[in-house]
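Notes follow once the structure below has been shown.
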Amino acid sequence: MAEQAPAAHPPLSGGTLALGTMVVSLATFMNVLDVSIANVSIPAIAGDLGVSPNQGTWVITSFAVANAISVPLTGWLSQRFGNVRLFLATVLLFVLASLLCGLAPSMNMLILFRVIQGAVAGPMIPLSQTLLLASYPREKAGTALAMFSLTVLVAPVVGPLLGGWITDNMSWPWIFFINVPVGIVAATFTWAIYRDRDTPRRKTPIDAAGLLLLVVWVSALQVMLDTGKDLDWFSSGVIVALAVVAALSFALFLVWELTDEHPVVDLRLFARRNFWTGTLSVSLSYGAYFGSIVLLPLWLQQYLGYTATQAGWALAPVGVLALVLTPLVGRASGKVDPRIFATAALAIFAVVAAMRGAFTAQVDLETLIIPTVIQGAAVSCFFIPLITLALSGLRHDQIAGASGLNNFARITAGAFATSIATTLWENRASVHHAQLVEHVSSSSPATVDALGKLGAAGLSPEQAYGFLNQLVNQQAFTMAAVDLFNASAVMLVLLIPLVWLTRPARRGAGAEASGAH
């Protein structure tokens with residue numbers, strides 16, 4: 001630790017602090033925005049590149065998986081290159097990858113560039129946390145985390161709105177092109193402010209075998225989840241092979257990481273009650289949250305006739321309460337038991353999911369927006385308390401690794417949740433479709449009446465049956481979405497007791513750990 005002493009710099013102040021906070025947050029905002037900006041653009045991207053909307057979700061999951069895998073490398077990379085240099089490199093490489101995404105001529109190339117974009121973006125979020133915490137006095141660490149949380153939580157909301165507007169009024173490549181000027185501005189001012197505040201560089205060994213196993217098991221599992229519904233799951237030899245590879249590489253990964261002297265992921269942290277309960281809570285609840293903000297715009301555009309912009313508006317109002325309440329939660333984070341905030345967040349998320357569980361195919365925009373507004377209150381007290389609980393009581397030298405592992409688990413859960421949600425949505429829709437079709441027959445008075453009215457309106461028998469099938473599809477996918485929203489509500493309620501298994505450090509004792517920031 002003595003080597004790091006010269007790297008300690010005094011906190012920033014005044015206008016320099018404000019500008020530093022803004023540019024670091026801008027880079028983080030750009031990164032997190034790209035996780036969700038494609039959500040409402042998936043139908044347009046899929047149509048333009050000649051694939052199904054469900055295959056289009058690979059644009060989301062490929063980024064998220066690559067992002068999650070590269071997060072644990074942050075500690076090793078920052079020691080090798082220094083925090084500031086590494087942060088600048090990730091921003092500039094992200095800009096280049098964004099440009100390539102916008103120029104991609106096919107889905108395969110777009111997925112490749114999204115993998116590159118996600119990989120270079122991985123260290124950006126933990127590094128932005130580190131730079132912000134180093135910019136503020138120790139007693140204002142809560143304020144620094146609040147600024148970080150605002151970017152992480154509001155960006156997934158602005159993303160669909162901005163992505164929808166760009167898709168409807170310009171073209172989908174511009175959801176990637178907009179990163180270019182933003183990234184250049186962020187990189188320029190970050191270098192101007194932080195170039196003399198870099199951390200010492202030193203060569204440390206990297207766990208190449210652990211990293212390879214991590215890439216293999218996460219990638220194999222994600223590809224299995226993404227392609228399973230198209231290949232009829234375990235009736236396909238490809239899916240069976242992917243499952244075997246994922247299981248074996250995961251088992252080897254566990255053994256290797258628990259025995260290696262310099263593991264890429266310090267799994268021993270899961271022996272700590274606070275870490276495993278906090279990380280599991282934030283991962284599962286984030287998965288439920290992220291799965292819903294992927295599913296909702298798909299349902300609205302594919303089956304309710306919403307434009308990309310309208311679907312974005314259905315998700316955007318979450319930012320209102322989040323912007324107002326998050327700074328308040330940050331200031332109160334050292335005075336209120338974080339388990340209370342975390343419980344409130346999970347309870348509100350569950351209420352929102354239950355409200356969406358009452359949606360019908362006739363739902364209007366106002367009804368869609370109400371739970372989204374309420375969700376902002378949950379978003380405001382979600383990250384800070386759960387991260388605080390997960391890191392509570394850790395030593396200074398454990399914070400960086402724990403933060404990276406926590407972020408890895410959360411981002412991976414979001415990627416897996418996207419695939420699982422879309423797969424379950426289709427499966428439940430098939431069940432509901434089969435049940436509904438039983439009531440659509442030539443012997444049904446309602447069917448005969450509907451066909452008669454459609455025929456009177458000038459539709460041929462084939463057109464009339466096609467119209468009825470569209471209605472059945474709309475109802476089936478609506479009922480399937482409702483099933484998932486209600487299941488999400490139940491899961492979120494069940495996570496509340498898990499939060500109370502944590503034992504947050506008392507303010508006096510915990511100050512040492514929090515000082516590790």
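Going by the structure tokens order, chains are called A, B, ..., each with residues numbered from 1, while ligands are numbered from 1 in the order shown.
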With a distance cut-off of 10 Å and only C-alpha atoms, select the neighbouring residues of range 433-439 of chain A, excluding the residue or stretch itself and same-chain residues fewer than 5 positions from it, and output the selection as a CSV table (one decimal) with all heavy atoms, in the first residue's frame.
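selection_9.csv written:
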chain,number,residue,atom,x,y,z
A,427,ASN,N,-43.1,-18.1,-24.9
A,427,ASN,CA,-43.7,-19.4,-24.5
A,427,ASN,C,-45.1,-19.2,-23.9
A,427,ASN,O,-46.0,-20.0,-24.2
A,427,ASN,CB,-42.8,-20.0,-23.4
A,427,ASN,CG,-41.5,-20.5,-24.1
A,427,ASN,OD1,-41.4,-20.6,-25.3
A,427,ASN,ND2,-40.5,-20.9,-23.3
A,428,ARG,N,-45.2,-18.2,-23.0
A,428,ARG,CA,-46.5,-17.9,-22.4
A,428,ARG,C,-47.5,-17.5,-23.4
A,428,ARG,O,-48.7,-17.8,-23.4
A,428,ARG,CB,-46.4,-16.9,-21.3
A,428,ARG,CG,-45.6,-17.3,-20.1
A,428,ARG,CD,-46.3,-18.5,-19.4
A,428,ARG,NE,-47.7,-18.2,-18.9
A,428,ARG,CZ,-48.6,-19.1,-18.6
A,428,ARG,NH1,-48.3,-20.4,-18.7
A,428,ARG,NH2,-49.8,-18.7,-18.2
A,444,SER,N,-68.8,-21.0,-33.0
A,444,SER,CA,-68.9,-20.0,-31.9
A,444,SER,C,-69.7,-18.9,-32.4
A,444,SER,O,-69.4,-18.2,-33.4
A,444,SER,CB,-67.5,-19.5,-31.5
A,444,SER,OG,-67.6,-18.4,-30.7
A,445,PRO,N,-70.8,-18.5,-31.6
A,445,PRO,CA,-71.7,-17.4,-32.0
A,445,PRO,C,-70.9,-16.1,-32.1
A,445,PRO,O,-71.1,-15.3,-33.0
A,445,PRO,CB,-72.7,-17.3,-30.9
A,445,PRO,CG,-72.7,-18.7,-30.3
A,445,PRO,CD,-71.3,-19.2,-30.5
A,446,ALA,N,-69.9,-15.9,-31.2
A,446,ALA,CA,-69.1,-14.6,-31.2
A,446,ALA,C,-68.3,-14.6,-32.5
A,446,ALA,O,-68.1,-13.5,-33.1
A,446,ALA,CB,-68.3,-14.6,-30.0
A,447,THR,N,-67.7,-15.7,-32.8
A,447,THR,CA,-66.9,-15.8,-34.0
A,447,THR,C,-67.7,-15.5,-35.3
A,447,THR,O,-67.3,-14.7,-36.2
A,447,THR,CB,-66.1,-17.1,-34.2
A,447,THR,OG1,-65.4,-17.3,-33.0
A,447,THR,CG2,-65.2,-17.1,-35.4
A,468,LEU,N,-58.8,-11.7,-37.3
A,468,LEU,CA,-59.1,-12.3,-36.0
A,468,LEU,C,-57.8,-12.9,-35.4
A,468,LEU,O,-57.6,-12.8,-34.2
A,468,LEU,CB,-60.1,-13.4,-36.2
A,468,LEU,CG,-61.6,-13.0,-36.4
A,468,LEU,CD1,-62.5,-14.2,-36.5
A,468,LEU,CD2,-62.1,-12.1,-35.2
A,469,ASN,N,-57.0,-13.4,-36.3
A,469,ASN,CA,-55.7,-14.0,-35.8
A,469,ASN,C,-54.8,-12.9,-35.2
A,469,ASN,O,-54.1,-13.1,-34.1
A,469,ASN,CB,-55.0,-14.7,-36.9
A,469,ASN,CG,-53.8,-15.5,-36.4
A,469,ASN,OD1,-53.9,-16.4,-35.5
A,469,ASN,ND2,-52.6,-15.2,-36.9
A,472,VAL,N,-56.1,-12.2,-31.8
A,472,VAL,CA,-55.8,-13.3,-30.8
A,472,VAL,C,-54.3,-13.2,-30.4
A,472,VAL,O,-53.9,-13.3,-29.3
A,472,VAL,CB,-56.0,-14.7,-31.5
A,472,VAL,CG1,-55.4,-15.8,-30.6
A,472,VAL,CG2,-57.5,-14.9,-31.7
A,473,ASN,N,-53.4,-12.9,-31.4
A,473,ASN,CA,-52.0,-12.6,-31.1
A,473,ASN,C,-51.8,-11.5,-30.1
A,473,ASN,O,-51.0,-11.6,-29.2
A,473,ASN,CB,-51.2,-12.3,-32.4
A,473,ASN,CG,-50.7,-13.6,-33.0
A,473,ASN,OD1,-50.5,-14.6,-32.4
A,473,ASN,ND2,-50.5,-13.5,-34.3
A,474,GLN,N,-52.5,-10.4,-30.4
A,474,GLN,CA,-52.4,-9.2,-29.5
A,474,GLN,C,-52.8,-9.6,-28.1
A,474,GLN,O,-52.1,-9.3,-27.1
A,474,GLN,CB,-53.4,-8.1,-30.0
A,474,GLN,CG,-53.3,-6.8,-29.2
A,474,GLN,CD,-54.4,-5.9,-29.6
A,474,GLN,OE1,-55.6,-6.1,-29.5
A,474,GLN,NE2,-54.0,-4.7,-30.2
A,475,GLN,N,-53.9,-10.3,-27.9
A,475,GLN,CA,-54.4,-10.7,-26.6
A,475,GLN,C,-53.4,-11.7,-26.0
A,475,GLN,O,-53.1,-11.6,-24.8
A,475,GLN,CB,-55.8,-11.3,-26.7
A,475,GLN,CG,-56.9,-10.3,-27.0
A,475,GLN,CD,-57.1,-9.3,-26.0
A,475,GLN,OE1,-56.8,-9.5,-24.8
A,475,GLN,NE2,-57.5,-8.1,-26.4
A,476,ALA,N,-52.9,-12.7,-26.8
A,476,ALA,CA,-52.0,-13.7,-26.2
A,476,ALA,C,-50.7,-13.1,-25.7
A,476,ALA,O,-50.3,-13.4,-24.6
A,476,ALA,CB,-51.7,-14.7,-27.3
A,477,PHE,N,-50.1,-12.2,-26.5
A,477,PHE,CA,-48.9,-11.5,-26.0
A,477,PHE,C,-49.1,-10.5,-24.9
A,477,PHE,O,-48.2,-10.3,-24.1
A,477,PHE,CB,-48.2,-10.9,-27.2
A,477,PHE,CG,-47.4,-11.9,-28.0
A,477,PHE,CD1,-47.9,-12.5,-29.1
A,477,PHE,CD2,-46.1,-12.2,-27.7
A,477,PHE,CE1,-47.2,-13.4,-29.9
A,477,PHE,CE2,-45.3,-13.1,-28.4
A,477,PHE,CZ,-45.9,-13.7,-29.5
A,479,MET,N,-51.5,-11.0,-22.5
A,479,MET,CA,-51.6,-11.8,-21.3
A,479,MET,C,-50.3,-12.4,-20.9
A,479,MET,O,-50.0,-12.5,-19.7
A,479,MET,CB,-52.6,-13.0,-21.7
A,479,MET,CG,-54.0,-12.5,-21.9
A,479,MET,SD,-55.1,-13.7,-22.7
A,479,MET,CE,-55.4,-14.9,-21.4
A,480,ALA,N,-49.4,-12.7,-21.9
A,480,ALA,CA,-48.1,-13.2,-21.5
A,480,ALA,C,-47.3,-12.2,-20.8
A,480,ALA,O,-46.6,-12.5,-19.8
A,480,ALA,CB,-47.4,-13.7,-22.8
Give me the residues within 9 Å of Pro10 in chain A as a CSV table (one decimal) with N, CA and C atoms, in the first residue's frame, counting only C-alpha atoms and dropping any in the same chain fewer than 5 places off.
chain,number,residue,atom,x,y,z
A,134,ALA,N,-12.6,10.1,-5.6
A,134,ALA,CA,-11.3,10.7,-5.3
A,134,ALA,C,-11.4,12.2,-5.5
A,135,SER,N,-12.5,12.7,-6.2
A,135,SER,CA,-12.7,14.1,-6.4
A,135,SER,C,-13.3,14.9,-5.2
A,136,TYR,N,-14.0,14.1,-4.4
A,136,TYR,CA,-14.8,14.7,-3.3
A,136,TYR,C,-14.1,14.4,-2.0
A,137,PRO,N,-14.3,15.3,-1.0
A,137,PRO,CA,-13.8,14.9,0.4
A,137,PRO,C,-14.5,13.7,0.9
List as JSON lines every residue of range 49-115 of chain A that is in contact with range 297-308 of chain A, defined as an atom at most 12 Å from one of its atoms (using only C-alpha atoms), together with the nearest atom pair and the distance in Å rounded to one decimal, sorted by chain and then rising number.
{"residue": "A:Ser52", "atom": "CA", "partner": "A:Gln302", "partner_atom": "CA", "distance": 11.3}
{"residue": "A:Pro53", "atom": "CA", "partner": "A:Leu298", "partner_atom": "CA", "distance": 8.2}
{"residue": "A:Asn54", "atom": "CA", "partner": "A:Leu298", "partner_atom": "CA", "distance": 9.1}
{"residue": "A:Gly56", "atom": "CA", "partner": "A:Leu298", "partner_atom": "CA", "distance": 10.6}
{"residue": "A:Thr57", "atom": "CA", "partner": "A:Leu298", "partner_atom": "CA", "distance": 9.7}
- Shell around Trp174 in chain A at 8 Å using only C-alpha atoms, local window under 6 positions removed, as a PyMOL selection string: chain A and resi 102+166-167
- If you count only C-alpha atoms, which residues fall within 10 Å of range 177-194 of chain A, apart from same-chain ones fewer than 4 positions away, as a ChimeraX atom specification? /A:12,16-17,19-31,33-34,83-85,87-103,131,135,166,172-173,198
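Closest approach to Ala44 in chain A among A:His432, A:Gly376, A:Thr199, A:Asp168: A:Asp168, based on only C-alpha atoms.
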- Skipping near chain neighbours, those fewer than 3 positions away, what residues fall within 6 Å of Leu346 in chain A using only C-alpha atoms, listed as an MDAnalysis selection string? chainID A and resid 343 349 492
Writing out the chosen residues with C-alpha atoms as a PDB file, in the first residue's frame:
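Output saved as out_7.pdb:
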ATOM      1  CA  THR A 343     -36.764  -2.510   1.301  1.00  0.00           C
ATOM      2  CA  PHE A 349     -40.720  -2.025  -7.706  1.00  0.00           C
ATOM      3  CA  LEU A 492     -39.295  -8.683  -5.801  1.00  0.00           C
TER       4      LEU A 492
END
Write out as a short mmCIF file (atom, residue, chain, number, x, y, z; two decimals) with C-alpha atoms, in the first residue's frame which residues come within 12 Å of Ala155 in chain A when counting only C-alpha atoms, dropping same-chain ones fewer than 4 positions away.
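The resulting file, selection_11.cif, is reproduced below:
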data_model
loop_
_atom_site.label_atom_id
_atom_site.label_comp_id
_atom_site.auth_asym_id
_atom_site.auth_seq_id
_atom_site.Cartn_x
_atom_site.Cartn_y
_atom_site.Cartn_z
CA SER A 25 -20.79 11.59 -15.37
CA LEU A 26 -21.21 12.41 -19.07
CA ALA A 27 -18.93 9.54 -20.07
CA THR A 28 -20.78 7.18 -17.70
CA PHE A 29 -24.12 8.45 -18.99
CA MET A 30 -23.02 7.70 -22.58
CA ASN A 31 -22.00 4.18 -21.54
CA VAL A 32 -25.17 3.31 -19.62
CA LEU A 33 -27.33 5.01 -22.26
CA ASP A 34 -26.07 2.51 -24.81
CA VAL A 35 -27.35 -0.37 -22.68
CA SER A 36 -30.93 0.81 -23.19
CA ILE A 37 -30.99 3.21 -26.16
CA PHE A 148 -22.93 8.43 -10.03
CA SER A 149 -26.32 6.85 -9.33
CA LEU A 150 -28.17 9.61 -11.18
CA THR A 151 -26.28 8.80 -14.38
CA GLY A 159 -32.21 5.88 -23.65
CA PRO A 160 -35.57 4.55 -24.89
CA LEU A 161 -36.96 8.07 -25.31
CA LEU A 162 -33.95 9.31 -27.25
CA GLY A 163 -33.65 6.05 -29.18
CA LEU A 315 -40.65 4.61 -20.04
CA ALA A 316 -39.27 8.15 -19.70
CA PRO A 317 -41.15 9.62 -16.68
CA VAL A 318 -39.22 7.39 -14.25
CA GLY A 319 -36.53 10.08 -14.36
CA ALA A 322 -35.33 9.71 -9.59
CA LEU A 323 -33.74 13.10 -10.26
CA VAL A 379 -35.00 3.86 -8.63
#
- Name the residues of range 76-324 of chain A that come out as alpha helix (DSSP H) in a backbone DSSP run; write them as an MDAnalysis selection string. chainID A and resid 76:81 83:103 107:121 124:135 141:169 174:177 179:194 208:227 237:259 273:303 308:315 318:324
For the interface of range 42-96 of chain A with range 406-412 of chain A (cut-off 12 Å, counting only C-alpha atoms), please tabulate each contacting residue of range 42-96 of chain A alongside its nearest pair of atoms and their separation in Å to one decimal, rows sorted by chain and increasing number, as a tab-separated table.
residue	atom	partner	partner_atom	distance
A:Ile60	CA	A:Ile411	CA	11.4
A:Thr61	CA	A:Thr412	CA	9.0
A:Ser62	CA	A:Thr412	CA	10.6
A:Phe63	CA	A:Ile411	CA	10.0
A:Ala64	CA	A:Ile411	CA	6.3
A:Val65	CA	A:Thr412	CA	6.0
A:Ala66	CA	A:Thr412	CA	9.1
A:Asn67	CA	A:Ile411	CA	7.5
A:Ala68	CA	A:Phe408	CA	4.7
A:Ile69	CA	A:Phe408	CA	6.8
A:Ser70	CA	A:Phe408	CA	8.3
A:Val71	CA	A:Phe408	CA	5.9
A:Pro72	CA	A:Phe408	CA	6.8
A:Leu73	CA	A:Phe408	CA	10.2
A:Thr74	CA	A:Phe408	CA	10.8
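Pairwise distance (CA of Ile111 in chain A, CA of Thr227 in chain A) equals 14.0 Å.
Among the candidates A:Val294, A:Ala104, A:Arg356, A:Leu242, the one nearest to Leu225 in chain A when counting only C-alpha atoms is A:Leu242.
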- Item | Close residues, Leu498 in chain A itself excluded, 9 Å, only C-alpha atoms, min 6 positions apart in chain, as a ChimeraX atom specification | /A:277-278,280-281
- Residue nearest Thr309 in chain A among A:Thr502, A:Thr143, A:Asn39, A:Ser219 (counting only C-alpha atoms): A:Asn39
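With only C-alpha atoms as the atoms that count, the minimum distance from Pro123 in chain A to the choices A:Leu86, A:Ala353, A:Ala38, A:Ile45 is reached by A:Leu86.
Between CA of Arg395 in chain A and CA of Trp500 in chain A the interatomic distance comes to 21.9 Å.
Atom pair CA of Ala354 in chain A / CA of Ala489 in chain A: separated by 5.6 Å.
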